[in-house]
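So this one's query.cif, mmCIF, C-alpha atoms:
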data_start
loop_
_atom_site.group_PDB
_atom_site.id
_atom_site.type_symbol
_atom_site.label_atom_id
_atom_site.label_comp_id
_atom_site.auth_asym_id
_atom_site.auth_seq_id
_atom_site.Cartn_x
_atom_site.Cartn_y
_atom_site.Cartn_z
ATOM 1 C CA MET A 1 125.024 62.086 -45.410
ATOM 2 C CA PRO A 2 123.866 63.920 -48.590
ATOM 3 C CA LYS A 3 126.463 66.179 -50.217
ATOM 4 C CA PRO A 4 125.597 69.823 -50.949
ATOM 5 C CA ARG A 5 125.042 70.633 -54.627
ATOM 6 C CA SER A 6 128.105 72.901 -54.559
ATOM 7 C CA SER A 7 130.224 69.749 -54.209
ATOM 8 C CA GLN A 8 128.429 68.010 -57.092
ATOM 9 C CA VAL A 9 128.232 70.778 -59.700
ATOM 10 C CA SER A 10 131.348 72.561 -60.943
ATOM 11 C CA LEU A 11 130.867 74.526 -64.159
ATOM 12 C CA ILE A 12 134.623 75.173 -64.203
ATOM 13 C CA ASP A 13 135.101 71.488 -64.957
ATOM 14 C CA THR A 14 132.107 70.656 -67.137
ATOM 15 C CA PRO A 15 128.666 71.872 -68.206
ATOM 16 C CA TYR A 16 127.407 68.260 -68.570
ATOM 17 C CA TYR A 17 125.511 66.398 -65.810
ATOM 18 C CA HIS A 18 123.591 63.142 -65.535
ATOM 19 C CA CYS A 19 120.570 63.492 -63.236
ATOM 20 C CA VAL A 20 118.212 60.797 -61.968
ATOM 21 C CA SER A 21 114.947 61.242 -60.021
ATOM 22 C CA ARG A 22 113.255 58.211 -58.480
ATOM 23 C CA CYS A 23 109.808 57.641 -56.999
ATOM 24 C CA VAL A 24 109.361 56.659 -53.353
ATOM 25 C CA ARG A 25 105.895 55.098 -53.465
ATOM 26 C CA ARG A 26 105.085 51.556 -54.570
ATOM 27 C CA ALA A 27 102.756 53.079 -57.163
ATOM 28 C CA PHE A 28 104.906 53.597 -60.225
ATOM 29 C CA LEU A 29 105.623 56.889 -61.900
ATOM 30 C CA CYS A 30 104.583 55.097 -65.091
ATOM 31 C CA GLY A 31 103.925 51.521 -66.174
ATOM 32 C CA ILE A 32 101.362 49.127 -64.724
ATOM 33 C CA ASP A 33 100.914 48.478 -60.991
ATOM 34 C CA GLU A 34 101.096 44.688 -60.602
ATOM 35 C CA TYR A 35 98.967 44.798 -57.434
ATOM 36 C CA SER A 36 96.027 46.866 -58.669
ATOM 37 C CA GLY A 37 96.401 46.393 -62.420
ATOM 38 C CA THR A 38 96.141 50.174 -62.872
ATOM 39 C CA SER A 39 98.058 51.578 -65.826
ATOM 40 C CA TYR A 40 100.073 54.751 -65.366
ATOM 41 C CA GLU A 41 101.553 54.765 -68.869
ATOM 42 C CA HIS A 42 100.018 58.150 -69.638
ATOM 43 C CA ARG A 43 102.321 59.731 -67.052
ATOM 44 C CA ARG A 44 105.288 59.136 -69.335
ATOM 45 C CA THR A 45 103.862 61.777 -71.645
ATOM 46 C CA TRP A 46 103.468 64.172 -68.694
ATOM 47 C CA VAL A 47 107.150 63.856 -67.887
ATOM 48 C CA GLU A 48 108.461 63.911 -71.454
ATOM 49 C CA ASP A 49 106.401 66.958 -72.390
ATOM 50 C CA LYS A 50 107.528 68.784 -69.252
ATOM 51 C CA VAL A 51 111.203 67.990 -69.847
ATOM 52 C CA LEU A 52 111.084 69.268 -73.416
ATOM 53 C CA TRP A 53 109.119 72.365 -72.414
ATOM 54 C CA LEU A 54 111.618 73.230 -69.675
ATOM 55 C CA SER A 55 114.423 73.164 -72.252
ATOM 56 C CA SER A 56 112.751 76.188 -73.878
ATOM 57 C CA VAL A 57 112.760 78.113 -70.582
ATOM 58 C CA PHE A 58 116.102 77.323 -68.939
ATOM 59 C CA ALA A 59 119.598 77.897 -70.300
ATOM 60 C CA ILE A 60 120.107 74.157 -69.942
ATOM 61 C CA GLY A 61 120.143 71.860 -72.956
ATOM 62 C CA ILE A 62 118.684 68.356 -72.948
ATOM 63 C CA CYS A 63 121.261 65.922 -74.350
ATOM 64 C CA ALA A 64 119.431 62.702 -73.509
ATOM 65 C CA TYR A 65 116.478 61.499 -71.470
ATOM 66 C CA ALA A 66 114.559 58.325 -70.698
ATOM 67 C CA VAL A 67 111.281 58.098 -68.776
ATOM 68 C CA MET A 68 111.259 54.733 -66.998
ATOM 69 C CA SER A 69 108.680 53.020 -64.765
ATOM 70 C CA ASN A 70 109.841 54.470 -61.456
ATOM 71 C CA HIS A 71 112.583 56.925 -62.384
ATOM 72 C CA VAL A 72 113.666 59.521 -64.945
ATOM 73 C CA HIS A 73 117.128 59.931 -66.490
ATOM 74 C CA LEU A 74 118.366 63.261 -67.881
ATOM 75 C CA VAL A 75 121.713 64.249 -69.381
ATOM 76 C CA LEU A 76 121.905 68.047 -69.188
ATOM 77 C CA CYS A 77 124.233 70.722 -70.555
ATOM 78 C CA VAL A 78 124.347 74.019 -68.648
ATOM 79 C CA ASP A 79 124.878 77.111 -70.830
ATOM 80 C CA LYS A 80 125.728 79.878 -68.366
ATOM 81 C CA ASP A 81 126.924 82.217 -71.131
ATOM 82 C CA LYS A 82 123.513 82.003 -72.794
ATOM 83 C CA ALA A 83 121.772 82.988 -69.555
ATOM 84 C CA MET A 84 124.176 85.883 -69.032
ATOM 85 C CA SER A 85 123.486 87.147 -72.570
ATOM 86 C CA TRP A 86 119.727 87.457 -72.013
ATOM 87 C CA SER A 87 118.288 90.915 -71.484
ATOM 88 C CA ASP A 88 116.511 91.708 -68.219
ATOM 89 C CA LYS A 89 113.226 91.481 -70.102
ATOM 90 C CA GLN A 90 114.051 88.025 -71.414
ATOM 91 C CA VAL A 91 115.048 86.803 -67.965
ATOM 92 C CA VAL A 92 111.854 88.007 -66.312
ATOM 93 C CA GLY A 93 109.729 86.750 -69.192
ATOM 94 C CA ARG A 94 111.216 83.273 -68.917
ATOM 95 C CA TRP A 95 110.824 83.223 -65.145
ATOM 96 C CA HIS A 96 107.174 84.235 -65.448
ATOM 97 C CA ARG A 97 106.583 81.151 -67.575
ATOM 98 C CA LEU A 98 107.455 79.181 -64.430
ATOM 99 C CA HIS A 99 106.210 81.414 -61.598
ATOM 100 C CA ARG A 100 104.162 84.561 -61.072
ATOM 101 C CA GLY A 101 107.181 86.576 -59.965
ATOM 102 C CA THR A 102 106.833 89.655 -57.787
ATOM 103 C CA LEU A 103 104.668 92.753 -58.028
ATOM 104 C CA LEU A 104 107.714 94.659 -59.295
ATOM 105 C CA SER A 105 108.551 92.072 -61.956
ATOM 106 C CA GLN A 106 104.934 92.114 -63.102
ATOM 107 C CA LYS A 107 104.987 95.935 -63.330
ATOM 108 C CA PHE A 108 108.264 95.697 -65.275
ATOM 109 C CA MET A 109 106.728 93.310 -67.836
ATOM 110 C CA ARG A 110 103.746 95.659 -68.217
ATOM 111 C CA ASN A 111 106.236 98.476 -68.991
ATOM 112 C CA GLU A 112 104.983 100.521 -66.015
ATOM 113 C CA LEU A 113 107.190 103.244 -64.597
ATOM 114 C CA LEU A 114 109.378 102.170 -61.649
ATOM 115 C CA SER A 115 110.931 104.435 -59.035
ATOM 116 C CA ASP A 116 114.700 104.373 -58.487
ATOM 117 C CA ASN A 117 114.315 102.262 -55.340
ATOM 118 C CA GLU A 118 111.949 99.875 -57.077
ATOM 119 C CA TRP A 119 114.370 99.512 -59.975
ATOM 120 C CA LEU A 120 117.297 98.746 -57.635
ATOM 121 C CA SER A 121 115.207 96.105 -55.879
ATOM 122 C CA LEU A 122 114.118 94.622 -59.200
ATOM 123 C CA LYS A 123 117.729 94.432 -60.427
ATOM 124 C CA ASP A 124 118.599 92.221 -57.447
ATOM 125 C CA THR A 125 115.567 90.039 -58.184
ATOM 126 C CA ILE A 126 116.514 89.714 -61.855
ATOM 127 C CA ALA A 127 120.040 88.636 -60.872
ATOM 128 C CA ILE A 128 118.506 85.853 -58.756
ATOM 129 C CA TYR A 129 116.170 84.792 -61.583
ATOM 130 C CA ARG A 130 119.073 84.743 -64.059
ATOM 131 C CA GLN A 131 121.147 82.494 -61.811
ATOM 132 C CA ARG A 132 118.221 80.133 -61.270
ATOM 133 C CA LEU A 133 117.663 79.791 -65.022
ATOM 134 C CA TYR A 134 120.997 77.991 -65.425
ATOM 135 C CA ASP A 135 120.747 76.060 -62.140
ATOM 136 C CA ILE A 136 120.200 72.302 -62.440
ATOM 137 C CA SER A 137 118.446 72.107 -59.063
ATOM 138 C CA TRP A 138 115.839 74.643 -60.183
ATOM 139 C CA LEU A 139 115.225 72.767 -63.435
ATOM 140 C CA MET A 140 114.789 69.468 -61.582
ATOM 141 C CA ALA A 141 112.430 71.118 -59.077
ATOM 142 C CA SER A 142 110.443 72.633 -61.945
ATOM 143 C CA LEU A 143 110.091 69.128 -63.368
ATOM 144 C CA SER A 144 109.383 67.130 -60.218
ATOM 145 C CA GLU A 145 106.998 69.420 -58.314
ATOM 146 C CA PRO A 146 104.279 69.789 -60.999
ATOM 147 C CA ILE A 147 104.442 66.056 -61.820
ATOM 148 C CA ALA A 148 104.155 65.158 -58.120
ATOM 149 C CA ARG A 149 101.117 67.424 -57.678
ATOM 150 C CA GLN A 150 99.485 66.004 -60.794
ATOM 151 C CA ALA A 151 100.156 62.390 -59.758
ATOM 152 C CA ASN A 152 98.972 62.981 -56.174
ATOM 153 C CA LYS A 153 95.772 64.531 -57.469
ATOM 154 C CA GLU A 154 95.174 61.560 -59.739
ATOM 155 C CA ASP A 155 95.965 59.083 -56.934
ATOM 156 C CA GLY A 156 93.827 60.986 -54.423
ATOM 157 C CA CYS A 157 96.596 61.231 -51.848
ATOM 158 C CA THR A 158 99.252 63.539 -50.435
ATOM 159 C CA GLY A 159 102.893 63.161 -49.433
ATOM 160 C CA ARG A 160 106.160 62.587 -51.226
ATOM 161 C CA PHE A 161 106.085 61.255 -54.755
ATOM 162 C CA TRP A 162 109.823 61.576 -55.498
ATOM 163 C CA GLU A 163 112.879 60.864 -53.389
ATOM 164 C CA GLY A 164 113.983 63.932 -51.466
ATOM 165 C CA ARG A 165 116.959 64.602 -53.730
ATOM 166 C CA PHE A 166 117.839 63.757 -57.288
ATOM 167 C CA LYS A 167 121.136 62.065 -58.070
ATOM 168 C CA SER A 168 123.679 64.144 -59.977
ATOM 169 C CA GLN A 169 126.852 62.995 -61.766
ATOM 170 C CA ALA A 170 129.305 65.379 -63.440
ATOM 171 C CA LEU A 171 130.393 64.166 -66.894
ATOM 172 C CA LEU A 172 133.919 65.467 -67.254
ATOM 173 C CA ASP A 173 134.939 64.603 -70.831
ATOM 174 C CA ASP A 174 133.555 63.519 -74.209
ATOM 175 C CA ALA A 175 133.858 59.815 -73.423
ATOM 176 C CA ALA A 176 131.844 60.214 -70.216
ATOM 177 C CA VAL A 177 129.192 62.336 -71.955
ATOM 178 C CA LEU A 178 128.684 60.010 -74.941
ATOM 179 C CA SER A 179 128.754 56.784 -72.942
ATOM 180 C CA CYS A 180 126.326 58.203 -70.360
ATOM 181 C CA MET A 181 123.994 59.393 -73.118
ATOM 182 C CA ALA A 182 124.046 55.912 -74.654
ATOM 183 C CA TYR A 183 123.482 54.383 -71.214
ATOM 184 C CA VAL A 184 120.396 56.582 -70.778
ATOM 185 C CA ASP A 185 119.091 56.012 -74.315
ATOM 186 C CA LEU A 186 119.457 52.231 -73.925
ATOM 187 C CA ASN A 187 117.623 52.030 -70.578
ATOM 188 C CA PRO A 188 114.358 50.719 -72.107
ATOM 189 C CA ILE A 189 116.243 48.004 -74.005
ATOM 190 C CA ARG A 190 118.061 46.816 -70.895
ATOM 191 C CA ALA A 191 114.701 46.821 -69.063
ATOM 192 C CA LYS A 192 113.180 44.790 -71.954
ATOM 193 C CA MET A 193 110.638 47.521 -72.600
ATOM 194 C CA ALA A 194 111.779 47.888 -76.218
ATOM 195 C CA LYS A 195 113.758 45.900 -78.771
ATOM 196 C CA THR A 196 115.465 48.729 -80.669
ATOM 197 C CA PRO A 197 116.323 52.385 -79.948
ATOM 198 C CA GLU A 198 113.816 53.713 -82.481
ATOM 199 C CA THR A 199 110.983 51.850 -80.707
ATOM 200 C CA SER A 200 112.034 53.040 -77.232
ATOM 201 C CA GLN A 201 109.072 55.171 -76.226
ATOM 202 C CA HIS A 202 109.645 58.466 -74.381
ATOM 203 C CA THR A 203 113.403 58.621 -74.963
ATOM 204 C CA SER A 204 115.667 61.121 -76.676
ATOM 205 C CA ILE A 205 117.065 58.483 -79.041
ATOM 206 C CA GLN A 206 113.578 57.893 -80.439
ATOM 207 C CA LYS A 207 113.213 61.631 -81.098
ATOM 208 C CA ARG A 208 116.583 61.734 -82.846
ATOM 209 C CA THR A 209 116.025 58.634 -84.996
ATOM 210 C CA GLU A 210 112.584 59.913 -86.024
ATOM 211 C CA ALA A 211 114.219 63.116 -87.255
ATOM 212 C CA ILE A 212 116.707 61.090 -89.323
ATOM 213 C CA GLN A 213 114.001 58.850 -90.783
ATOM 214 C CA GLN A 214 111.854 61.823 -91.753
ATOM 215 C CA HIS A 215 114.837 63.733 -93.230
ATOM 216 C CA LYS A 216 114.146 66.581 -90.839
ATOM 217 C CA ARG A 217 116.441 68.833 -88.895
ATOM 218 C CA GLN A 218 117.437 67.616 -85.446
ATOM 219 C CA PRO A 219 114.748 67.947 -82.730
ATOM 220 C CA TYR A 220 114.948 71.612 -81.754
ATOM 221 C CA LYS A 221 114.165 70.917 -78.101
ATOM 222 C CA LEU A 222 117.200 68.626 -77.771
ATOM 223 C CA LEU A 223 120.805 69.803 -77.763
ATOM 224 C CA PRO A 224 121.977 69.089 -81.324
ATOM 225 C CA PHE A 225 124.929 67.064 -82.551
ATOM 226 C CA VAL A 226 127.109 69.529 -84.477
ATOM 227 C CA GLY A 227 129.766 67.337 -86.087
ATOM 228 C CA ASN A 228 133.522 67.336 -85.676
ATOM 229 C CA PRO A 229 135.272 70.083 -83.668
ATOM 230 C CA ARG A 230 136.125 73.135 -85.810
ATOM 231 C CA GLN A 231 136.449 76.910 -85.694
ATOM 232 C CA ASP A 232 133.265 78.902 -85.050
ATOM 233 C CA MET A 233 131.595 75.741 -83.841
ATOM 234 C CA PRO A 234 127.921 76.156 -82.843
ATOM 235 C CA GLN A 235 126.650 75.128 -79.400
ATOM 236 C CA GLY A 236 126.087 71.387 -79.293
ATOM 237 C CA ILE A 237 127.595 67.928 -79.001
ATOM 238 C CA ALA A 238 130.821 67.553 -80.993
ATOM 239 C CA PHE A 239 129.941 64.360 -82.850
ATOM 240 C CA SER A 240 127.850 63.331 -85.818
ATOM 241 C CA LEU A 241 124.210 62.506 -85.038
ATOM 242 C CA GLN A 242 124.163 59.655 -87.527
ATOM 243 C CA ASP A 243 127.358 58.113 -86.087
ATOM 244 C CA TYR A 244 125.920 58.315 -82.574
ATOM 245 C CA CYS A 245 122.564 56.799 -83.538
ATOM 246 C CA GLU A 246 124.242 53.949 -85.431
ATOM 247 C CA LEU A 247 126.562 53.258 -82.514
ATOM 248 C CA VAL A 248 123.683 53.216 -80.008
ATOM 249 C CA ASP A 249 121.662 50.943 -82.302
ATOM 250 C CA THR A 250 124.538 48.481 -82.632
ATOM 251 C CA THR A 251 125.237 48.566 -78.899
ATOM 252 C CA GLY A 252 121.560 48.004 -78.125
ATOM 253 C CA ARG A 253 121.509 44.864 -80.245
ATOM 254 C CA ILE A 254 124.605 43.507 -78.524
ATOM 255 C CA ILE A 255 123.343 43.922 -74.951
ATOM 256 C CA ARG A 256 120.054 42.105 -75.536
ATOM 257 C CA ALA A 257 119.987 38.777 -73.739
ATOM 258 C CA ASP A 258 119.381 36.823 -76.972
ATOM 259 C CA LYS A 259 122.233 38.477 -78.881
ATOM 260 C CA ALA A 260 125.973 38.104 -78.773
ATOM 261 C CA GLY A 261 128.782 39.667 -80.734
ATOM 262 C CA ALA A 262 131.073 42.654 -80.991
ATOM 263 C CA ILE A 263 130.611 46.178 -82.259
ATOM 264 C CA ASP A 264 130.832 46.317 -86.042
ATOM 265 C CA SER A 265 134.258 47.486 -87.162
ATOM 266 C CA ALA A 266 132.494 50.236 -89.109
ATOM 267 C CA GLN A 267 131.769 51.863 -85.739
ATOM 268 C CA ASN A 268 135.363 51.877 -84.551
ATOM 269 C CA PRO A 269 136.213 55.482 -85.581
ATOM 270 C CA ILE A 270 133.853 57.085 -83.055
ATOM 271 C CA LEU A 271 135.188 54.822 -80.293
ATOM 272 C CA SER A 272 138.727 55.702 -81.327
ATOM 273 C CA ARG A 273 137.895 59.397 -81.029
ATOM 274 C CA LEU A 274 136.582 58.710 -77.548
ATOM 275 C CA GLY A 275 139.688 56.711 -76.697
ATOM 276 C CA LEU A 276 137.631 53.642 -75.735
ATOM 277 C CA SER A 277 137.894 49.975 -76.577
ATOM 278 C CA GLU A 278 134.801 48.009 -77.544
ATOM 279 C CA GLU A 279 134.877 46.268 -74.156
ATOM 280 C CA GLN A 280 135.069 49.585 -72.295
ATOM 281 C CA TRP A 281 132.139 50.944 -74.326
ATOM 282 C CA ILE A 282 129.892 47.980 -73.548
ATOM 283 C CA THR A 283 130.748 48.172 -69.830
ATOM 284 C CA LEU A 284 130.014 51.901 -69.699
ATOM 285 C CA THR A 285 126.744 51.701 -71.611
ATOM 286 C CA THR A 286 125.390 48.873 -69.463
ATOM 287 C CA GLU A 287 126.817 49.667 -66.012
ATOM 288 C CA PHE A 288 127.471 53.426 -65.955
ATOM 289 C CA GLU A 289 125.744 54.157 -62.629
ATOM 290 C CA GLN A 290 127.387 51.164 -60.950
ATOM 291 C CA HIS A 291 130.896 52.480 -61.545
ATOM 292 C CA PHE A 292 130.585 56.212 -60.880
ATOM 293 C CA CYS A 293 129.011 58.269 -58.120
ATOM 294 C CA TYR A 294 129.301 62.076 -58.256
ATOM 295 C CA ALA A 295 131.476 62.382 -61.358
ATOM 296 C CA ALA A 296 132.755 60.419 -64.351
ATOM 297 C CA GLY A 297 135.709 61.129 -66.594
ATOM 298 C CA ALA A 298 139.385 60.455 -67.180
ATOM 299 C CA GLU A 299 141.589 60.170 -64.090
ATOM 300 C CA GLN A 300 143.072 63.684 -64.334
ATOM 301 C CA MET A 301 139.644 65.223 -64.923
ATOM 302 C CA MET A 302 138.384 63.453 -61.802
ATOM 303 C CA LYS A 303 141.297 64.854 -59.791
ATOM 304 C CA ASN A 304 140.560 68.378 -61.041
ATOM 305 C CA PHE A 305 136.886 68.002 -60.141
ATOM 306 C CA LYS A 306 137.805 66.784 -56.658
ATOM 307 C CA THR A 307 139.969 69.877 -56.138
ATOM 308 C CA HIS A 308 137.396 72.355 -57.450
ATOM 309 C CA THR A 309 134.585 70.876 -55.343
ATOM 310 C CA HIS A 310 136.779 70.772 -52.209
ATOM 311 C CA ARG A 311 136.465 67.028 -51.667
ATOM 312 C CA LYS A 312 138.960 64.974 -49.698
ATOM 313 C CA ARG A 313 138.229 61.926 -51.844
ATOM 314 C CA ILE A 314 135.978 60.980 -54.721
ATOM 315 C CA GLY A 315 134.505 57.612 -55.588
ATOM 316 C CA GLY A 316 135.075 56.031 -58.989
ATOM 317 C CA MET A 317 138.746 56.962 -59.430
ATOM 318 C CA ARG A 318 139.791 53.353 -60.043
ATOM 319 C CA GLN A 319 136.967 52.882 -62.557
ATOM 320 C CA ALA A 320 137.940 56.149 -64.265
ATOM 321 C CA LYS A 321 141.459 54.865 -64.760
ATOM 322 C CA ARG A 322 140.209 51.502 -66.057
ATOM 323 C CA LEU A 323 137.302 52.641 -68.235
ATOM 324 C CA LEU A 324 137.890 56.245 -69.285
ATOM 325 C CA SER A 325 141.648 56.831 -69.325
#

As structure tokens, how would this structure be written, given the file I've shared?
Amino acid sequence: MPKPRSSQVSLIDTPYYHCVSRCVRRAFLCGIDEYSGTSYEHRRTWVEDKVLWLSSVFAIGICAYAVMSNHVHLVLCVDKDKAMSWSDKQVVGRWHRLHRGTLLSQKFMRNELLSDNEWLSLKDTIAIYRQRLYDISWLMASLSEPIARQANKEDGCTGRFWEGRFKSQALLDDAAVLSCMAYVDLNPIRAKMAKTPETSQHTSIQKRTEAIQQHKRQPYKLLPFVGNPRQDMPQGIAFSLQDYCELVDTTGRIIRADKAGAIDSAQNPILSRLGLSEEQWITLTTEFEQHFCYAAGAEQMMKNFKTHTHRKRIGGMRQAKRLLS
């Protein structure tokens, strides 16, 4: 039986989550239908553009993404403090980019005078909007519903396009976050859709490597890498972008069927910081979803998550001890 989102998301434990949405129809989200020969490759751009646009609306950062033939991977970082810092005007303005809102919220944005009762009612509405703007379920709905309508219109049909619920995994520590990001970024290579990370179309790693190659700042619609932990650290992922990209590139070459070898010793420092061996890293970046269900992290982090989400048991504890402790 599906678990409620309250037992899958615990911001006390972590702001990072791996989400996966899959199609239900034989017709692919993207790719080429082997039966009809119809190409749906253009839909990858629909999804990628929508994901990156949503990052500018929600208080949820995009750490990694990959648009595959029949599913989409996202690694998200919820920034509740950012949402709470927005003014009422900012909250309503962002919500109106997604939906029309109410008559009161529209009057508010037009700077029309509101009565005391109207203002009290609007305050309650704004509180709901604010909460939704850092809610993973609302972001995933804002991604899946427009894409489903667009695909159904193109296919000339109705009905479900996505599975009823997206899969969510809590990433409880740095090792889980980085290995899951690499797992997502390397999806096209494992699927033999690309040979290297920089040629992996419609992925976050391609966006990041392009920025490096062009000597540009990091892609502003992706959560940035901000270097080693320090005082007054900006919001972002506490590792070097170049180290991460090099590690993903090396890992991608190793897991190709025609390659064999071990991670270059030059990459060992980042694995040491994560507390992982080379063997653990390869297992995590090729089999992440096989080993963890609702959460991934070190054994104690998993126990804390189980307590905070009021679970009697949680799958993946043995794998957490073996791979992430």

- Using the chain letters and residue numbers of this document, give as a VMD selection string the residues selected by the PyMOL selection byres ((chain A and resi 184) around 8). chain A and resid 64 to 66 73 to 75 180 to 183 185 to 187

- Message: Taking the file as I've supplied it (selection: the PyMOL selection byres ((chain A and resi 137) around 10)), which residues are included? Please answer as a list in words.
- Response: Arg5, Val9, Cys19, Arg132, Leu133, Tyr134, Asp135, Ile136, Trp138, Leu139, Met140, Ala141, Ser142, Leu143, Arg165, Phe166 and Ser168 of chain A

- Item | Residue nearest A:Ser240 - candidates A:Val20, A:Met84, A:Ile212, A:Leu104, atoms counted: all atoms listed in the file | A:Ile212

- What is the distance, in Å and to one decimal place, between atom CA of A:Phe108 and atom CA of A:Val51?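 Pair atom CA of A:Phe108 / atom CA of A:Val51 returns 28.2 Å.
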
- Can you list, as a list of chain:residue names, the residues that the PyMOL selection byres ((chain A and resi 97) around 12) selects here?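 Expected selection for the PyMOL selection byres ((chain A and resi 97) around 12) here is A:Trp53, A:Leu54, A:Ser56, A:Val57, A:Phe58, A:Gln90, A:Val91, A:Val92, A:Gly93, A:Arg94, A:Trp95, A:His96, A:Leu98, A:His99, A:Arg100, A:Gly101, A:Gln106, A:Tyr129, A:Leu133, A:Ser142.
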
Please enclose the listed atoms of stretch 90-96 of chain A in an axis-aligned box, pad each side by 3 Å, and write out the centre and the three edge lengths in Å, rounded to one decimal, as lines of an AutoDock Vina configuration file.
center_x = 111.1
center_y = 85.6
center_z = -68.3
size_x = 13.9
size_y = 10.8
size_z = 12.3

- Query: List as a list in words: which residues have an atom within 10 Å of (141.3, 49.2, -69.9), counting all atoms listed in the file?
  - Reply: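 The residues near that point, listed by chain and number, are Leu276, Ser277, Glu279, Gln280, Gln319, Ala320, Lys321, Arg322, Leu323, Leu324 and Ser325 of chain A.
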
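Residue nearest A:Cys293, chosen from A:Arg43, A:Arg313, A:His215, A:Lys107 and counting only C-alpha atoms: A:Arg313.
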
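The smallest atom-to-atom distance between A:Val47 and any of A:Leu120, A:Ala148, A:Ala211, A:Ile254, using all atoms listed in the file, is found for A:Ala148.
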
- Skipping near chain neighbours, those fewer than 6 positions away, what residues fall within 7 Å of A:Ile60 using all atoms listed in the file, listed as a ChimeraX atom specification? /A:76-79,134

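Counting only C-alpha atoms, the residue from A:Glu246, A:Ala175, A:Lys192, A:Thr209 that sits nearest to A:Ser272 is A:Ala175.
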
Write out as a short mmCIF file (atom, residue, chain, number, x, y, z; two decimals) with C-alpha atoms, in the frame of the given file the residues lying within 7 Å of A:Val24, counting all atoms listed in the file and excluding same-chain residues fewer than 5 positions away.
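Once written, selection_17.cif looks like this:
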data_model
loop_
_atom_site.label_atom_id
_atom_site.label_comp_id
_atom_site.auth_asym_id
_atom_site.auth_seq_id
_atom_site.Cartn_x
_atom_site.Cartn_y
_atom_site.Cartn_z
CA PHE A 161 106.08 61.26 -54.76
CA TRP A 162 109.82 61.58 -55.50
CA GLU A 163 112.88 60.86 -53.39
#
